[in-house]
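**Student:** My file is target_0.pdb. It has PDB, C-alpha atoms:
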ATOM      1  CA  MET A   1     -15.137  -4.232  33.023
ATOM      2  CA  ASP A   2     -15.273  -0.894  31.184
ATOM      3  CA  LEU A   3     -17.888  -1.360  28.448
ATOM      4  CA  SER A   4     -17.322   2.073  26.910
ATOM      5  CA  LEU A   5     -14.862   0.550  24.463
ATOM      6  CA  ILE A   6     -17.641  -1.525  22.915
ATOM      7  CA  GLY A   7     -19.162   1.619  21.485
ATOM      8  CA  ARG A   8     -15.757   2.635  20.115
ATOM      9  CA  GLY A   9     -15.380  -0.253  17.739
ATOM     10  CA  LEU A  10     -16.093  -3.625  19.309
ATOM     11  CA  THR A  11     -19.589  -3.668  17.856
ATOM     12  CA  ASN A  12     -19.950  -5.548  14.563
ATOM     13  CA  PRO A  13     -18.690  -3.606  11.518
ATOM     14  CA  SER A  14     -21.370  -1.545   9.785
ATOM     15  CA  GLY A  15     -21.574   1.096   7.116
ATOM     16  CA  HIS A  16     -19.750  -0.936   4.483
ATOM     17  CA  PRO A  17     -17.302  -0.390   2.989
ATOM     18  CA  VAL A  18     -15.233   0.120   6.136
ATOM     19  CA  ARG A  19     -11.751   1.593   6.146
ATOM     20  CA  MET A  20      -9.016  -0.986   6.730
ATOM     21  CA  VAL A  21      -5.327  -1.766   6.422
ATOM     22  CA  LEU A  22      -3.782  -5.236   6.309
ATOM     23  CA  ASP A  23      -0.659  -6.138   8.308
ATOM     24  CA  THR A  24       0.710  -9.421   6.951
ATOM     25  CA  ASP A  25       3.741 -11.737   7.155
ATOM     26  CA  THR A  26       2.840 -12.775   3.636
ATOM     27  CA  TYR A  27       5.702 -15.175   2.855
ATOM     28  CA  ASN A  28       5.480 -17.030   6.185
ATOM     29  CA  GLU A  29       3.473 -19.822   4.511
ATOM     30  CA  ILE A  30       0.475 -19.613   2.116
ATOM     31  CA  ASP A  31      -2.570 -18.445   4.057
ATOM     32  CA  ASP A  32      -1.669 -14.744   4.000
ATOM     33  CA  GLN A  33      -1.759 -14.754   0.202
ATOM     34  CA  PHE A  34      -5.355 -15.990   0.261
ATOM     35  CA  ALA A  35      -6.217 -13.342   2.870
ATOM     36  CA  LEU A  36      -4.581 -10.524   0.902
ATOM     37  CA  ALA A  37      -6.474 -11.513  -2.244
ATOM     38  CA  TYR A  38      -9.695 -11.734  -0.222
ATOM     39  CA  ALA A  39      -9.251  -8.248   1.232
ATOM     40  CA  LEU A  40      -8.567  -6.658  -2.141
ATOM     41  CA  LEU A  41     -11.478  -8.468  -3.791
ATOM     42  CA  ALA A  42     -14.034  -7.531  -1.104
ATOM     43  CA  GLN A  43     -14.394  -3.920  -2.171
ATOM     44  CA  ASP A  44     -18.095  -3.893  -1.338
ATOM     45  CA  ALA A  45     -17.251  -4.574   2.311
ATOM     46  CA  MET A  46     -13.925  -2.818   2.832
ATOM     47  CA  CYS A  47     -11.571  -0.298   1.324
ATOM     48  CA  CYS A  48      -8.090  -1.764   1.682
ATOM     49  CA  GLU A  49      -6.161   1.478   1.930
ATOM     50  CA  ALA A  50      -2.682   0.061   2.597
ATOM     51  CA  VAL A  51      -0.798  -3.168   3.206
ATOM     52  CA  TYR A  52       2.065  -3.469   5.705
ATOM     53  CA  ALA A  53       4.746  -6.150   5.541
ATOM     54  CA  ALA A  54       5.204  -7.811   8.939
ATOM     55  CA  PRO A  55       8.320  -9.627  10.176
ATOM     56  CA  PHE A  56       8.521 -13.378  10.694
ATOM     57  CA  HIS A  57      11.192 -15.980  11.365
ATOM     58  CA  ASN A  58      10.873 -19.633  10.457
ATOM     59  CA  GLU A  59      12.451 -21.981   7.929
ATOM     60  CA  ARG A  60      11.436 -19.582   5.147
ATOM     61  CA  SER A  61      13.506 -16.656   6.469
ATOM     62  CA  ASP A  62      16.886 -15.909   8.033
ATOM     63  CA  GLY A  63      15.385 -13.658  10.696
ATOM     64  CA  PRO A  64      12.525 -11.194  11.249
ATOM     65  CA  GLY A  65      13.971  -8.535   8.950
ATOM     66  CA  ASP A  66      14.526 -11.010   6.135
ATOM     67  CA  GLY A  67      11.008 -12.331   6.686
ATOM     68  CA  MET A  68       9.573  -8.824   6.430
ATOM     69  CA  ARG A  69      11.438  -8.150   3.179
ATOM     70  CA  LYS A  70      10.345 -11.475   1.685
ATOM     71  CA  SER A  71       6.780 -10.652   2.693
ATOM     72  CA  LEU A  72       7.073  -7.300   0.933
ATOM     73  CA  GLU A  73       8.094  -9.106  -2.263
ATOM     74  CA  GLU A  74       5.251 -11.614  -1.895
ATOM     75  CA  ILE A  75       2.693  -8.839  -1.454
ATOM     76  CA  GLU A  76       3.834  -7.471  -4.819
ATOM     77  CA  ARG A  77       3.489 -10.888  -6.465
ATOM     78  CA  VAL A  78      -0.055 -11.344  -5.181
ATOM     79  CA  CYS A  79      -1.054  -7.845  -6.277
ATOM     80  CA  THR A  80       0.418  -8.472  -9.738
ATOM     81  CA  ALA A  81      -1.546 -11.714 -10.059
ATOM     82  CA  LEU A  82      -4.713  -9.915  -8.942
ATOM     83  CA  GLY A  83      -4.196  -6.956 -11.213
ATOM     84  CA  MET A  84      -5.026  -4.646  -8.307
ATOM     85  CA  ARG A  85      -3.282  -2.972  -5.398
ATOM     86  CA  PRO A  86      -4.184  -1.389  -2.059
ATOM     87  CA  ARG A  87      -5.455   2.112  -2.661
ATOM     88  CA  ASP A  88      -2.572   4.016  -1.087
ATOM     89  CA  GLY A  89       0.330   1.593  -1.307
ATOM     90  CA  ILE A  90       2.470  -1.100   0.260
ATOM     91  CA  PHE A  91       4.761  -0.272   3.180
ATOM     92  CA  SER A  92       7.754  -2.030   4.684
ATOM     93  CA  GLY A  93       7.495  -2.862   8.370
ATOM     94  CA  SER A  94       9.688  -3.657  11.338
ATOM     95  CA  GLU A  95      13.117  -5.204  10.829
ATOM     96  CA  ARG A  96      13.206  -6.695  14.339
ATOM     97  CA  TRP A  97      11.026  -7.736  17.261
ATOM     98  CA  LEU A  98      10.218  -5.373  20.111
ATOM     99  CA  ALA A  99      12.963  -5.441  22.744
ATOM    100  CA  SER A 100      10.513  -4.576  25.548
ATOM    101  CA  ALA A 101       6.828  -3.914  26.105
ATOM    102  CA  ASP A 102       7.335  -0.177  25.536
ATOM    103  CA  ASP A 103       9.831  -0.415  22.663
ATOM    104  CA  VAL A 104       9.283   1.440  19.396
ATOM    105  CA  VAL A 105      10.617   0.034  16.133
ATOM    106  CA  ASP A 106      10.277   2.780  13.554
ATOM    107  CA  SER A 107       9.265   1.848  10.026
ATOM    108  CA  PRO A 108       7.258   3.262   7.125
ATOM    109  CA  ALA A 109       4.354   1.014   8.190
ATOM    110  CA  VAL A 110       4.327   2.429  11.727
ATOM    111  CA  ASP A 111       4.387   6.024  10.524
ATOM    112  CA  ASP A 112       1.705   5.409   7.917
ATOM    113  CA  LEU A 113      -0.617   3.703  10.400
ATOM    114  CA  ILE A 114      -0.380   6.594  12.860
ATOM    115  CA  GLU A 115      -0.978   9.265  10.223
ATOM    116  CA  ARG A 116      -3.707   7.287   8.422
ATOM    117  CA  SER A 117      -5.623   6.798  11.663
ATOM    118  CA  LYS A 118      -6.057  10.578  11.936
ATOM    119  CA  ARG A 119      -8.261  10.705   8.848
ATOM    120  CA  GLU A 120     -12.020  10.721   9.166
ATOM    121  CA  GLY A 121     -13.663   7.432  10.097
ATOM    122  CA  LEU A 122     -12.770   4.434  12.220
ATOM    123  CA  LEU A 123      -9.813   2.447  10.849
ATOM    124  CA  TYR A 124      -9.728  -1.340  11.150
ATOM    125  CA  VAL A 125      -6.257  -2.880  11.345
ATOM    126  CA  VAL A 126      -6.402  -6.504  10.238
ATOM    127  CA  ALA A 127      -3.218  -8.104  11.591
ATOM    128  CA  ILE A 128      -2.462 -11.669  10.500
ATOM    129  CA  GLY A 129       1.103 -12.145  11.711
ATOM    130  CA  ALA A 130       3.210 -11.148  14.669
ATOM    131  CA  PRO A 131       1.706  -7.785  15.717
ATOM    132  CA  THR A 132       5.064  -5.992  15.830
ATOM    133  CA  ASN A 133       4.139  -3.137  13.499
ATOM    134  CA  VAL A 134       0.832  -2.491  15.263
ATOM    135  CA  ALA A 135       2.363  -2.643  18.746
ATOM    136  CA  ALA A 136       5.229  -0.341  17.761
ATOM    137  CA  ALA A 137       2.699   2.193  16.455
ATOM    138  CA  LEU A 138       0.641   1.953  19.660
ATOM    139  CA  ASN A 139       3.803   2.540  21.705
ATOM    140  CA  LYS A 140       4.906   5.453  19.542
ATOM    141  CA  ASP A 141       1.498   7.149  19.736
ATOM    142  CA  PRO A 142      -0.625   5.914  22.659
ATOM    143  CA  THR A 143      -3.579   7.966  21.374
ATOM    144  CA  LEU A 144      -3.706   5.653  18.343
ATOM    145  CA  LYS A 145      -5.897   3.266  20.345
ATOM    146  CA  GLU A 146      -8.690   5.850  20.227
ATOM    147  CA  ARG A 147      -8.857   5.746  16.406
ATOM    148  CA  ILE A 148      -8.454   2.086  15.414
ATOM    149  CA  VAL A 149      -9.820  -1.403  15.975
ATOM    150  CA  VAL A 150      -7.347  -4.271  15.710
ATOM    151  CA  VAL A 151      -8.619  -7.578  14.300
ATOM    152  CA  TRP A 152      -5.844 -10.046  15.103
ATOM    153  CA  LEU A 153      -5.455 -13.657  14.049
ATOM    154  CA  GLY A 154      -3.307 -15.042  16.842
ATOM    155  CA  GLY A 155      -3.088 -16.965  20.081
ATOM    156  CA  HIS A 156      -5.330 -19.805  21.185
ATOM    157  CA  PRO A 157      -8.763 -19.473  22.836
ATOM    158  CA  LEU A 158      -8.794 -17.810  26.235
ATOM    159  CA  ARG A 159     -10.100 -21.032  27.802
ATOM    160  CA  TRP A 160      -7.311 -23.078  26.178
ATOM    161  CA  HIS A 161      -4.638 -24.606  28.374
ATOM    162  CA  ILE A 162      -1.758 -22.804  26.595
ATOM    163  CA  THR A 163      -1.262 -20.139  23.950
ATOM    164  CA  ASP A 164       2.077 -21.132  22.432
ATOM    165  CA  GLU A 165       0.985 -20.143  18.912
ATOM    166  CA  PHE A 166       3.202 -18.838  16.087
ATOM    167  CA  ASN A 167       1.861 -15.283  15.717
ATOM    168  CA  CYS A 168       1.668 -14.842  19.481
ATOM    169  CA  ARG A 169       5.072 -16.230  20.430
ATOM    170  CA  GLN A 170       7.118 -14.659  17.596
ATOM    171  CA  ASP A 171       7.036 -11.296  19.348
ATOM    172  CA  LYS A 172       5.623 -11.814  22.818
ATOM    173  CA  HIS A 173       6.216  -8.187  23.810
ATOM    174  CA  ALA A 174       4.115  -7.033  20.847
ATOM    175  CA  SER A 175       1.382  -9.552  21.650
ATOM    176  CA  ARG A 176       1.216  -8.204  25.203
ATOM    177  CA  VAL A 177       0.826  -4.664  23.883
ATOM    178  CA  LEU A 178      -2.355  -5.713  22.060
ATOM    179  CA  PHE A 179      -3.861  -7.043  25.275
ATOM    180  CA  ASP A 180      -2.495  -4.404  27.666
ATOM    181  CA  SER A 181      -2.767  -1.128  25.725
ATOM    182  CA  GLY A 182      -6.559  -0.805  25.823
ATOM    183  CA  VAL A 183      -6.919  -0.776  22.051
ATOM    184  CA  PRO A 184     -10.285  -2.164  20.850
ATOM    185  CA  HIS A 185      -9.348  -5.680  19.825
ATOM    186  CA  VAL A 186     -11.151  -8.508  18.053
ATOM    187  CA  MET A 187      -9.191 -11.683  18.731
ATOM    188  CA  VAL A 188      -9.525 -14.575  16.275
ATOM    189  CA  PRO A 189      -7.892 -17.548  18.041
ATOM    190  CA  CYS A 190      -6.303 -20.416  16.165
ATOM    191  CA  ALA A 191      -7.020 -23.743  17.911
ATOM    192  CA  ASN A 192     -10.608 -24.902  17.374
ATOM    193  CA  VAL A 193     -11.609 -21.557  15.807
ATOM    194  CA  ALA A 194      -9.632 -20.452  12.723
ATOM    195  CA  GLN A 195      -8.495 -24.073  12.645
ATOM    196  CA  ALA A 196     -11.907 -24.904  11.158
ATOM    197  CA  LEU A 197     -10.832 -23.267   7.889
ATOM    198  CA  THR A 198      -9.316 -26.407   6.380
ATOM    199  CA  THR A 199      -9.354 -27.081   2.665
ATOM    200  CA  THR A 200      -7.820 -29.623   0.307
ATOM    201  CA  ARG A 201      -5.904 -29.606  -2.944
ATOM    202  CA  ALA A 202      -8.957 -31.003  -4.726
ATOM    203  CA  GLU A 203     -11.225 -28.235  -3.428
ATOM    204  CA  VAL A 204      -8.732 -25.458  -4.159
ATOM    205  CA  HIS A 205      -8.199 -26.686  -7.725
ATOM    206  CA  GLU A 206     -11.906 -27.238  -8.346
ATOM    207  CA  ALA A 207     -12.701 -23.713  -7.196
ATOM    208  CA  LEU A 208      -9.698 -21.731  -8.446
ATOM    209  CA  GLU A 209      -7.746 -23.468 -11.207
ATOM    210  CA  GLY A 210      -8.100 -21.566 -14.458
ATOM    211  CA  GLN A 211      -9.779 -18.655 -12.702
ATOM    212  CA  GLY A 212      -7.364 -15.996 -13.836
ATOM    213  CA  ALA A 213      -3.784 -15.340 -12.775
ATOM    214  CA  ILE A 214      -4.663 -15.109  -9.087
ATOM    215  CA  GLY A 215      -6.605 -18.383  -9.096
ATOM    216  CA  ASP A 216      -3.689 -20.184 -10.722
ATOM    217  CA  TYR A 217      -1.191 -18.548  -8.353
ATOM    218  CA  LEU A 218      -3.118 -19.661  -5.271
ATOM    219  CA  CYS A 219      -3.291 -23.193  -6.677
ATOM    220  CA  GLN A 220       0.445 -23.120  -7.359
ATOM    221  CA  ILE A 221       1.484 -22.032  -3.886
ATOM    222  CA  TYR A 222      -0.892 -24.573  -2.334
ATOM    223  CA  ASP A 223       0.675 -27.353  -4.414
ATOM    224  CA  ASP A 224       4.213 -26.191  -3.605
ATOM    225  CA  TYR A 225       3.572 -26.023   0.136
ATOM    226  CA  VAL A 226       1.287 -28.975   0.901
ATOM    227  CA  ASP A 227       2.280 -32.591   0.290
ATOM    228  CA  THR A 228      -0.016 -34.862  -1.692
ATOM    229  CA  SER A 229      -0.422 -37.696   0.825
ATOM    230  CA  ILE A 230      -3.871 -39.261   1.119
ATOM    231  CA  GLY A 231      -6.189 -37.362   3.432
ATOM    232  CA  ARG A 232      -3.969 -34.267   3.558
ATOM    233  CA  SER A 233      -5.653 -30.920   4.158
ATOM    234  CA  LYS A 234      -4.402 -27.432   4.993
ATOM    235  CA  VAL A 235      -5.753 -24.674   7.226
ATOM    236  CA  ILE A 236      -5.913 -21.278   5.542
ATOM    237  CA  TRP A 237      -6.016 -19.496   8.892
ATOM    238  CA  ASP A 238      -5.770 -15.857   7.940
ATOM    239  CA  ILE A 239      -8.882 -15.475   5.810
ATOM    240  CA  SER A 240     -10.815 -15.543   9.092
ATOM    241  CA  ALA A 241      -9.765 -12.033  10.134
ATOM    242  CA  VAL A 242     -10.698 -10.565   6.746
ATOM    243  CA  ALA A 243     -14.025 -12.423   6.730
ATOM    244  CA  TRP A 244     -15.053 -10.833  10.052
ATOM    245  CA  LEU A 245     -15.124  -7.438   8.333
ATOM    246  CA  ILE A 246     -17.229  -8.837   5.494
ATOM    247  CA  ASN A 247     -19.950 -10.536   7.534
ATOM    248  CA  ALA A 248     -19.772 -10.733  11.314
ATOM    249  CA  ASN A 249     -22.825 -13.013  11.254
ATOM    250  CA  TRP A 250     -20.511 -15.831  10.155
ATOM    251  CA  PHE A 251     -18.945 -15.690  13.634
ATOM    252  CA  THR A 252     -19.932 -16.520  17.196
ATOM    253  CA  THR A 253     -18.228 -14.122  19.607
ATOM    254  CA  ARG A 254     -18.285 -12.886  23.182
ATOM    255  CA  ILE A 255     -17.153  -9.759  25.011
ATOM    256  CA  THR A 256     -14.651 -10.667  27.715
ATOM    257  CA  PRO A 257     -11.960  -8.941  29.817
ATOM    258  CA  SER A 258      -8.651  -8.632  28.015
ATOM    259  CA  PRO A 259      -6.417 -11.413  29.373
ATOM    260  CA  ILE A 260      -2.893 -11.172  30.724
ATOM    261  CA  LEU A 261      -0.331 -13.101  28.670
ATOM    262  CA  THR A 262       1.993 -14.802  31.162
ATOM    263  CA  ASP A 263       5.648 -15.704  30.719
ATOM    264  CA  ASP A 264       4.757 -19.385  30.438
ATOM    265  CA  ASP A 265       2.374 -18.817  27.517
ATOM    266  CA  ARG A 266      -0.898 -18.993  29.413
ATOM    267  CA  TRP A 267      -3.855 -16.680  29.850
ATOM    268  CA  GLN A 268      -4.557 -15.074  33.222
ATOM    269  CA  ARG A 269      -8.015 -13.572  33.759
ATOM    270  CA  ASP A 270      -8.674 -10.278  35.530
ATOM    271  CA  GLU A 271     -12.272  -9.017  35.541
ATOM    272  CA  ARG A 272     -11.111  -5.419  36.052
ATOM    273  CA  ARG A 273      -9.410  -5.167  32.670
ATOM    274  CA  HIS A 274     -10.862  -3.532  29.545
ATOM    275  CA  PRO A 275     -13.017  -5.645  27.190
ATOM    276  CA  ILE A 276     -12.067  -7.347  23.952
ATOM    277  CA  ARG A 277     -14.171  -9.412  21.566
ATOM    278  CA  GLU A 278     -13.118 -13.053  21.325
ATOM    279  CA  VAL A 279     -14.248 -15.188  18.388
ATOM    280  CA  LEU A 280     -15.522 -18.575  19.595
ATOM    281  CA  ALA A 281     -16.554 -20.224  16.315
ATOM    282  CA  LEU A 282     -16.978 -19.456  12.625
ATOM    283  CA  SER A 283     -18.851 -20.723   9.581
ATOM    284  CA  ARG A 284     -16.217 -22.460   7.480
ATOM    285  CA  ASP A 285     -18.451 -23.095   4.457
ATOM    286  CA  ALA A 286     -19.836 -19.556   4.257
ATOM    287  CA  ILE A 287     -16.354 -18.048   4.311
ATOM    288  CA  TYR A 288     -14.927 -20.342   1.641
ATOM    289  CA  HIS A 289     -17.990 -19.909  -0.564
ATOM    290  CA  ASP A 290     -17.554 -16.144  -0.407
ATOM    291  CA  LEU A 291     -13.787 -16.223  -1.027
ATOM    292  CA  PHE A 292     -13.953 -18.657  -3.940
ATOM    293  CA  SER A 293     -16.894 -16.837  -5.506
ATOM    294  CA  ARG A 294     -15.038 -13.533  -5.463
ATOM    295  CA  VAL A 295     -11.984 -15.013  -7.189
ATOM    296  CA  ARG A 296     -14.181 -16.669  -9.833
ATOM    297  CA  ARG A 297     -16.081 -13.444 -10.521
ATOM    298  CA  LEU A 298     -12.795 -11.642 -11.145
ATOM    299  CA  SER A 299     -11.962 -13.943 -14.060
TER
END
Any chance you could put this one into structure tokens?

**Tutor:**
Amino acid sequence: MDLSLIGRGLTNPSGHPVRMVLDTDTYNEIDDQFALAYALLAQDAMCCEAVYAAPFHNERSDGPGDGMRKSLEEIERVCTALGMRPRDGIFSGSERWLASADDVVDSPAVDDLIERSKREGLLYVVAIGAPTNVAAALNKDPTLKERIVVVWLGGHPLRWHITDEFNCRQDKHASRVLFDSGVPHVMVPCANVAQALTTTRAEVHEALEGQGAIGDYLCQIYDDYVDTSIGRSKVIWDISAVAWLINANWFTTRITPSPILTDDDRWQRDERRHPIREVLALSRDAIYHDLFSRVRRLS
């Protein structure tokens, strides 16, 4: 395993605030909105330079392009509620999935990522949806991998029996690019890892209701999305990837060879492949305390 990549970005983030961009399928459900607010509020830890709208397709969209456009609109709503925006703007992303592992889907997000990466300083790309925009940029400019670190919320743990997970399966070609391209990659799996980030209506309202426009908006979308049955909770998956840039000590990780994503949605191990950092566990309470505290301080 080539450990040289560890020195190029797989070490824990340091020198706060770090440079970062957020790639998000914001309207897919409700967790991206929390993550976007978190990234923009954590200015001591990161400079959110740009936000890219990612495609998605589920019951909330008519296809990946429609999902990307709805995400673009939702990014604007969250920024309005926050009263703040990414430093350099919001960019539309891919209108479709990759057609092959070497496909390029041009978009403003792809072009911005490539050009932004050429500025001074390591750029972290926090991707919390299907990694189509990131993969398309890596395919368009293979040297991009030398200037960025991707922190991706997606897939299931590498020791899990299957990895049929929403972000991973939406664009399987793009997911493979993350693991095959050699880009420094921090993988935040879903099952048993980000899955620990459950919260309830009672907790969300206790922490955020009345805490400015953004607090009320996050309460509203939680109420609209989650039913009120007894014992119901909701995972806010995507705040995990943002939190890693804030305090890596909240996470247990390991360096491991980048896996091969098979056609039947499983991981295949090959010790000769380049390293990635896999998150194994996280501190749920520390992350929520930090997120909620930042929203409350804003009001």

**Student:** Between A:Ile221, A:Ala202, A:Ile276, A:Ile239, single out the one closest to Leu158 of chain A, counting only C-alpha atoms.

**Tutor:**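 Distance minimum relative to Leu158 of chain A lands on A:Ile276.
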
**Student:** What do you get, as an MDAnalysis selection string, if you spell out every residue that the PyMOL selection byres ((chain A and resi 96-99) around 10) selects here?

**Tutor:** chainID A and resid 54:57 63:68 93:95 100:106 130:133 135:136 170:175

**Student:** Just to confirm, what's the straight-line distance from atom CA of Thr228 of chain A to atom CA of Ile287 of chain A in Å (one decimal)?

**Tutor:** 24.2 Å

**Student:** Which residues, written as a list in words, have at least one atom at most 6 Å from Ile214 of chain A, with all atoms listed in the file counted and residues fewer than 2 positions away on the same chain left out?

**Tutor:**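 Residues meeting the cut-off are Ala81, Leu82, Gly212, Asp216 and Tyr217 of chain A.
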
**Student:** Check which residues satisfy the PyMOL selection byres ((chain A and resi 19) around 10) in the file shown, then give them as a PyMOL selection string.

**Tutor:** chain A and resi 15-18+20-21+45-50+117+120-125+148+245

**Student:** Since the input lacks atoms, please generate N, CA and C atoms for segment 122-137 of chain A and provide them as an mmCIF file, in the frame of the given file.

**Tutor:**
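In the end it all went to selection26.cif:
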data_model
loop_
_atom_site.group_PDB
_atom_site.id
_atom_site.type_symbol
_atom_site.label_atom_id
_atom_site.label_comp_id
_atom_site.auth_asym_id
_atom_site.auth_seq_id
_atom_site.Cartn_x
_atom_site.Cartn_y
_atom_site.Cartn_z
ATOM 1 N N LEU A 122 -13.455 5.488 11.486
ATOM 2 C CA LEU A 122 -12.770 4.434 12.220
ATOM 3 C C LEU A 122 -11.939 3.593 11.269
ATOM 4 N N LEU A 123 -10.715 3.248 11.669
ATOM 5 C CA LEU A 123 -9.813 2.447 10.849
ATOM 6 C C LEU A 123 -9.645 1.070 11.477
ATOM 7 N N TYR A 124 -9.961 0.028 10.712
ATOM 8 C CA TYR A 124 -9.728 -1.340 11.150
ATOM 9 C C TYR A 124 -8.339 -1.779 10.702
ATOM 10 N N VAL A 125 -7.592 -2.361 11.632
ATOM 11 C CA VAL A 125 -6.257 -2.880 11.345
ATOM 12 C C VAL A 125 -6.341 -4.397 11.430
ATOM 13 N N VAL A 126 -6.335 -5.048 10.279
ATOM 14 C CA VAL A 126 -6.402 -6.504 10.238
ATOM 15 C C VAL A 126 -4.965 -7.023 10.266
ATOM 16 N N ALA A 127 -4.588 -7.637 11.375
ATOM 17 C CA ALA A 127 -3.218 -8.104 11.591
ATOM 18 C C ALA A 127 -3.210 -9.629 11.582
ATOM 19 N N ILE A 128 -2.432 -10.225 10.663
ATOM 20 C CA ILE A 128 -2.462 -11.669 10.500
ATOM 21 C C ILE A 128 -1.068 -12.276 10.611
ATOM 22 N N GLY A 129 -0.225 -11.629 11.403
ATOM 23 C CA GLY A 129 1.103 -12.145 11.711
ATOM 24 C C GLY A 129 1.481 -11.708 13.111
ATOM 25 N N ALA A 130 2.755 -11.741 13.410
ATOM 26 C CA ALA A 130 3.210 -11.148 14.669
ATOM 27 C C ALA A 130 2.839 -9.674 14.663
ATOM 28 N N PRO A 131 2.250 -9.152 15.752
ATOM 29 C CA PRO A 131 1.706 -7.785 15.717
ATOM 30 C C PRO A 131 2.750 -6.707 16.001
ATOM 31 N N THR A 132 3.969 -6.910 15.530
ATOM 32 C CA THR A 132 5.064 -5.992 15.830
ATOM 33 C C THR A 132 4.802 -4.589 15.316
ATOM 34 N N ASN A 133 4.384 -4.467 14.063
ATOM 35 C CA ASN A 133 4.139 -3.137 13.499
ATOM 36 C C ASN A 133 3.040 -2.401 14.263
ATOM 37 N N VAL A 134 1.967 -3.101 14.569
ATOM 38 C CA VAL A 134 0.832 -2.491 15.263
ATOM 39 C C VAL A 134 1.234 -2.068 16.674
ATOM 40 N N ALA A 135 1.932 -2.955 17.376
ATOM 41 C CA ALA A 135 2.363 -2.643 18.746
ATOM 42 C C ALA A 135 3.343 -1.477 18.769
ATOM 43 N N ALA A 136 4.261 -1.449 17.817
ATOM 44 C CA ALA A 136 5.229 -0.341 17.761
ATOM 45 C C ALA A 136 4.506 0.978 17.540
ATOM 46 N N ALA A 137 3.470 0.973 16.694
ATOM 47 C CA ALA A 137 2.699 2.193 16.455
ATOM 48 C C ALA A 137 1.941 2.612 17.707
#
